[in-house]
There are 2 protein chains.
Amino acid sequence: MKVGVLGTGMVGVTIASKLVSLGHEVMMGSRVAGQEKAVAWVARAGKGASEGSFAACAAFGELLFLCTQGTVVLDVLGAAGLENLRGKPLVDVTNPLDFSAGFPPTLSVKDTDSLGEQVQRLLPDTKVVKTLNTMNASVMAHPEPVGGGDHTVFLSGDNPTAKAVVEGLLLEMGHTDILDLGGIETARGVEMYLPLWLRVMGALGTADFQVKVVRG
Amino acid sequence: MKVGVLGTGMVGVTIASKLVSLGHEVMMGSRVAGQEKAVAWVARAGKGASEGSFAACAAFGELLFLCTQGTVVLDVLGAAGLENLRGKPLVDVTNPLDFSAGFPPTLSVKDTDSLGEQVQRLLPDTKVVKTLNTMNASVMAHPEPVGGGDHTVFLSGDNPTAKAVVEGLLLEMGHTDILDLGGIETARGVEMYLPLWLRVMGALGTADFQVKVVRG
């Protein structure tokens with residue numbers, strides 16, 4: 001599949017590399033084509049990897065991953081061009097973390113709205129699927145080292161077809177337990193989990209953990 | 001141990017019954033002595049069970065469980081009498097759920113404060129331990145039916161001795177994986193998990209589930 005990955009940070013690089021290793025054609029997008037980290041990633045990732053502007057990346061992908069910091073999401077999507085995203089599944093892995101008052105961060109949107117819903121409102125013709133935001137980048141792409149991969153990844157989104165496509169990709173990536181929470185408004189739940197994730201990370205002294213929903 | 005359980009709702013009744021079954025002496029507290037649900041509970045629970053006002057309950061217990069709705073917590077503690085709670089461990093299992101705008105509820109306090117911290121500020125000489133608020137009442141008291149009890153209960157609190165006492169009680173109740181998150185400010189994490197808990201309940205169609213923190 002042709003996949004566009006918007007963002008050149010740890011999450012973007014880790015997901016893009018995983019997708020290339022699975023045989024997908026991946027373009028990494030950044031503010032301007034030729035950005036240093038994107039070019040370095042293409043050199044490392046090899047065959048199937050390319051890079052370009054956010055707009056080129058969005059036009060390239062049949063499916064997009066949104067992997068930027070939460071604070072710049074709406075900005076990045078504007079740069080990507082709403083017309084380039086029309087009708088496509090957009091996998092939103094972002095979190096509305098606000099580090100302006102230091103660590104631990106607070107949430108810039110919560111409780112009565114979510115970043116996932118904001119993205120869906122901005123892009124009414126794009127099929128937003130919120131997922132993977134509840135774990136560290138390395139666990140997103142390499143679930144197996146944590147408990148043999150036996151942990152839960154959540155899905156939120158309004159379009160069942162897009163969710164099915166994303167579910168297929170998650171299975172390819174090694175995830176085994178995918179829990180569909182319902183419409184995009186359930187992104188409020190997975191985003192508000194982040195404050196607990198941060199405290200668990202603090203207690204364990206590592207981000208290499210995940211949660212499993214244990215059924216009764 | 002002499003335990004006071006503040007609250008006569010589902011959580012209070014379920015925890016109080018479990019503690020009696022474990023051989024503890026338990027007084028259930030409500031606004032006025034002789035409250036119908038408390039009297040009915042005493043009749044069912046038998047030996048070791050008693051009931052009284054919030055103040056009588058707080059005076060009786062060497063350790064207290066706070067099991068009321070989040071909206072009335074500060075009120076109930078005022079009625080219990082700060083002097084009756086002084087120096088004692090207080091197990092706070094409440095959640096700041098606000099149902100005033102319908103379902104799903106929002107959180108009346110979040111992100112930069114928590115109900116656990118509010119309780120600790122109101123009762124500076126009481127040893128507040130936030131725990132058990134991340135699961136259904138039946139799972140709090142009967143962890144075994146959910147995945148054989150292999151799931152995680154969190155602890156937040158500033159007093160190590162009180163946390164050790166509460167940890168002992170949790171083990172008696174059948175919990176197997178207790179994760180100490182740190183000081184009472186980490187209650188922000190476990191309280192903000194509730195919006196996700198509510199969506200998982202919706203997706204599974206049952207409250208009989210829990211989460212396990214899977215370590216890498």
# chains A, B, ... in the order shown; residues from 1 in each chain; ligands from 1

call {"tool": "residues_around", "arguments": {"residues": "region 52-61 of chain A", "least_positions_apart": "3", "cutoff": "10 Å", "atoms": "only C-alpha atoms", "output": "ChimeraX atom specification"}}
result
/A:1-7,25-35,38-39,64-65,76-86,88-90

call {"tool": "residues_around", "arguments": {"residues": "Ala203 (chain B)", "least_positions_apart": "2", "cutoff": "8 Å", "atoms": "only C-alpha atoms", "output": "VMD selection string"}}
result
(chain A and resid 179 to 182) or (chain B and resid 199 to 201 205)

call {"tool": "closest_atom_pairs", "arguments": {"of": "chain B", "to": "chain A", "cutoff": "6 Å", "atoms": "only C-alpha atoms", "output": "JSON lines"}}
result
{"residue": "B:Thr106", "atom": "CA", "partner": "A:Asp111", "partner_atom": "CA", "distance": 5.7}
{"residue": "B:Asp111", "atom": "CA", "partner": "A:Thr106", "partner_atom": "CA", "distance": 5.8}
{"residue": "B:Val146", "atom": "CA", "partner": "A:Gly216", "partner_atom": "CA", "distance": 3.9}
{"residue": "B:Gly147", "atom": "CA", "partner": "A:Val214", "partner_atom": "CA", "distance": 6.0}
{"residue": "B:Leu181", "atom": "CA", "partner": "A:Ala203", "partner_atom": "CA", "distance": 5.2}
{"residue": "B:Gly189", "atom": "CA", "partner": "A:Leu196", "partner_atom": "CA", "distance": 3.7}
{"residue": "B:Val190", "atom": "CA", "partner": "A:Leu196", "partner_atom": "CA", "distance": 5.7}
{"residue": "B:Met192", "atom": "CA", "partner": "A:Met192", "partner_atom": "CA", "distance": 5.7}
{"residue": "B:Tyr193", "atom": "CA", "partner": "A:Tyr193", "partner_atom": "CA", "distance": 4.8}
{"residue": "B:Pro195", "atom": "CA", "partner": "A:Gly189", "partner_atom": "CA", "distance": 4.6}
{"residue": "B:Leu196", "atom": "CA", "partner": "A:Gly189", "partner_atom": "CA", "distance": 3.7}
{"residue": "B:Ala203", "atom": "CA", "partner": "A:Leu181", "partner_atom": "CA", "distance": 5.2}
{"residue": "B:Asp208", "atom": "CA", "partner": "A:Gly216", "partner_atom": "CA", "distance": 5.1}
{"residue": "B:Phe209", "atom": "CA", "partner": "A:Arg215", "partner_atom": "CA", "distance": 4.6}
{"residue": "B:Gln210", "atom": "CA", "partner": "A:Val214", "partner_atom": "CA", "distance": 5.2}
{"residue": "B:Val211", "atom": "CA", "partner": "A:Val213", "partner_atom": "CA", "distance": 4.6}
{"residue": "B:Lys212", "atom": "CA", "partner": "A:Lys212", "partner_atom": "CA", "distance": 5.1}
{"residue": "B:Val213", "atom": "CA", "partner": "A:Val211", "partner_atom": "CA", "distance": 4.6}
{"residue": "B:Val214", "atom": "CA", "partner": "A:Gln210", "partner_atom": "CA", "distance": 5.2}
{"residue": "B:Arg215", "atom": "CA", "partner": "A:Phe209", "partner_atom": "CA", "distance": 4.6}
{"residue": "B:Gly216", "atom": "CA", "partner": "A:Val146", "partner_atom": "CA", "distance": 4.0}

call {"tool": "select_by_dssp", "arguments": {"residues": "region 50-195 of chain A", "states": "helix (DSSP H, G or I)", "output": "VMD selection string"}}
result
chain A and resid 54 to 60 70 to 80 82 to 85 115 to 122 137 to 141 147 to 149 160 to 172 184 to 192 194 to 195

call {"tool": "closest_residue", "arguments": {"among": "A:Ala137, A:Val72, A:Leu66, A:Val13", "to": "Ser50 (chain A)", "atoms": "only C-alpha atoms"}}
result
A:Val13

call {"tool": "select_by_dssp", "arguments": {"residues": "region 31-198 of chain A", "states": "strand (DSSP E)", "output": "MDAnalysis selection string"}}
result
chainID A and resid 49:53 63:66 89:92 97:98 106:107 127:131 152:157 177:182

call {"tool": "write_last_selection", "arguments": {"atoms": "N, CA and C atoms", "output": "short mmCIF file (atom, residue, chain, number, x, y, z; two decimals), in the first residue's frame"}}
result
data_model
loop_
_atom_site.label_atom_id
_atom_site.label_comp_id
_atom_site.auth_asym_id
_atom_site.auth_seq_id
_atom_site.Cartn_x
_atom_site.Cartn_y
_atom_site.Cartn_z
N ALA A 49 11.20 3.69 0.35
CA ALA A 49 11.13 4.90 1.18
C ALA A 49 11.37 6.15 0.34
N SER A 50 10.59 7.18 0.58
CA SER A 50 10.81 8.46 -0.08
C SER A 50 10.39 9.57 0.88
N GLU A 51 10.65 10.79 0.49
CA GLU A 51 10.26 11.91 1.36
C GLU A 51 9.82 13.09 0.52
N GLY A 52 9.06 14.00 1.15
CA GLY A 52 8.60 15.18 0.44
C GLY A 52 7.89 16.12 1.39
N SER A 53 7.27 17.13 0.84
CA SER A 53 6.53 18.08 1.67
C SER A 53 5.28 17.40 2.24
N LEU A 63 -3.28 5.98 2.21
CA LEU A 63 -3.60 6.02 3.64
C LEU A 63 -2.52 6.87 4.30
N LEU A 64 -2.91 7.68 5.29
CA LEU A 64 -1.96 8.57 5.94
C LEU A 64 -1.85 8.26 7.42
N PHE A 65 -0.64 8.39 7.95
CA PHE A 65 -0.41 8.37 9.39
C PHE A 65 -0.09 9.79 9.84
N LEU A 66 -0.80 10.26 10.85
CA LEU A 66 -0.55 11.58 11.41
C LEU A 66 0.29 11.39 12.67
N PRO A 89 -8.31 7.17 4.45
CA PRO A 89 -8.15 6.89 5.88
C PRO A 89 -6.95 7.68 6.43
N LEU A 90 -7.15 8.32 7.56
CA LEU A 90 -6.07 9.04 8.23
C LEU A 90 -5.93 8.45 9.63
N VAL A 91 -4.79 7.86 9.91
CA VAL A 91 -4.54 7.24 11.21
C VAL A 91 -3.94 8.30 12.13
N ASP A 92 -4.70 8.68 13.14
CA ASP A 92 -4.27 9.73 14.06
C ASP A 92 -3.67 9.09 15.30
N LEU A 97 -0.78 16.73 24.16
CA LEU A 97 0.07 17.02 25.32
C LEU A 97 0.57 18.45 25.28
N ASP A 98 0.43 19.12 26.42
CA ASP A 98 0.86 20.51 26.55
C ASP A 98 1.98 20.57 27.59
N THR A 106 0.04 18.59 30.68
CA THR A 106 -1.41 18.52 30.80
C THR A 106 -1.97 18.27 29.40
N LEU A 107 -3.30 18.17 29.29
CA LEU A 107 -3.94 17.95 28.00
C LEU A 107 -4.55 19.26 27.52
N LYS A 127 -11.38 9.95 6.51
CA LYS A 127 -11.84 8.91 7.44
C LYS A 127 -10.84 8.75 8.58
N VAL A 128 -11.05 9.52 9.64
CA VAL A 128 -10.09 9.57 10.74
C VAL A 128 -10.25 8.34 11.64
N VAL A 129 -9.14 7.68 11.89
CA VAL A 129 -9.11 6.55 12.82
C VAL A 129 -8.05 6.84 13.88
N LYS A 130 -8.50 6.99 15.11
CA LYS A 130 -7.56 7.21 16.22
C LYS A 130 -7.09 5.87 16.73
N THR A 131 -5.79 5.69 16.82
CA THR A 131 -5.26 4.43 17.36
C THR A 131 -3.79 4.61 17.72
N THR A 152 -3.42 -4.67 24.39
CA THR A 152 -4.58 -4.17 23.66
C THR A 152 -4.31 -2.84 22.98
N VAL A 153 -4.69 -2.75 21.71
CA VAL A 153 -4.65 -1.46 21.02
C VAL A 153 -6.10 -1.06 20.70
N PHE A 154 -6.41 0.21 20.93
CA PHE A 154 -7.77 0.71 20.77
C PHE A 154 -7.96 1.35 19.39
N LEU A 155 -9.19 1.31 18.91
CA LEU A 155 -9.57 1.97 17.64
C LEU A 155 -10.78 2.87 17.90
N SER A 156 -10.72 4.09 17.38
CA SER A 156 -11.88 4.99 17.42
C SER A 156 -12.05 5.60 16.04
N GLY A 157 -13.26 5.60 15.54
CA GLY A 157 -13.49 6.23 14.24
C GLY A 157 -14.90 6.01 13.75
N ASP A 177 -4.48 -7.89 19.76
CA ASP A 177 -5.74 -7.65 20.45
C ASP A 177 -6.20 -6.22 20.15
N ILE A 178 -7.12 -6.08 19.19
CA ILE A 178 -7.58 -4.77 18.73
C ILE A 178 -8.99 -4.57 19.23
N LEU A 179 -9.20 -3.50 20.01
CA LEU A 179 -10.53 -3.26 20.60
C LEU A 179 -11.14 -2.01 19.98
N ASP A 180 -12.19 -2.20 19.21
CA ASP A 180 -12.91 -1.10 18.57
C ASP A 180 -13.83 -0.45 19.59
N LEU A 181 -13.51 0.80 19.96
CA LEU A 181 -14.28 1.48 21.00
C LEU A 181 -15.54 2.14 20.47
N GLY A 182 -15.60 2.34 19.14
CA GLY A 182 -16.77 2.99 18.57
C GLY A 182 -16.37 4.22 17.76
#

call {"tool": "atom_distance", "arguments": {"atom1": "CA of Gly23 (chain B)", "atom2": "CA of Arg44 (chain B)"}}
result
14.9 Å

call {"tool": "atom_distance", "arguments": {"atom1": "CA of Ala16 (chain B)", "atom2": "CA of Val109 (chain B)"}}
result
27.0 Å

call {"tool": "atom_distance", "arguments": {"atom1": "CA of Gln120 (chain A)", "atom2": "CA of Leu74 (chain A)"}}
result
10.4 Å

call {"tool": "closest_residue", "arguments": {"among": "B:Glu62, B:Thr134, B:Met10, B:Arg121", "to": "Asn95 (chain B)", "atoms": "only C-alpha atoms"}}
result
B:Thr134
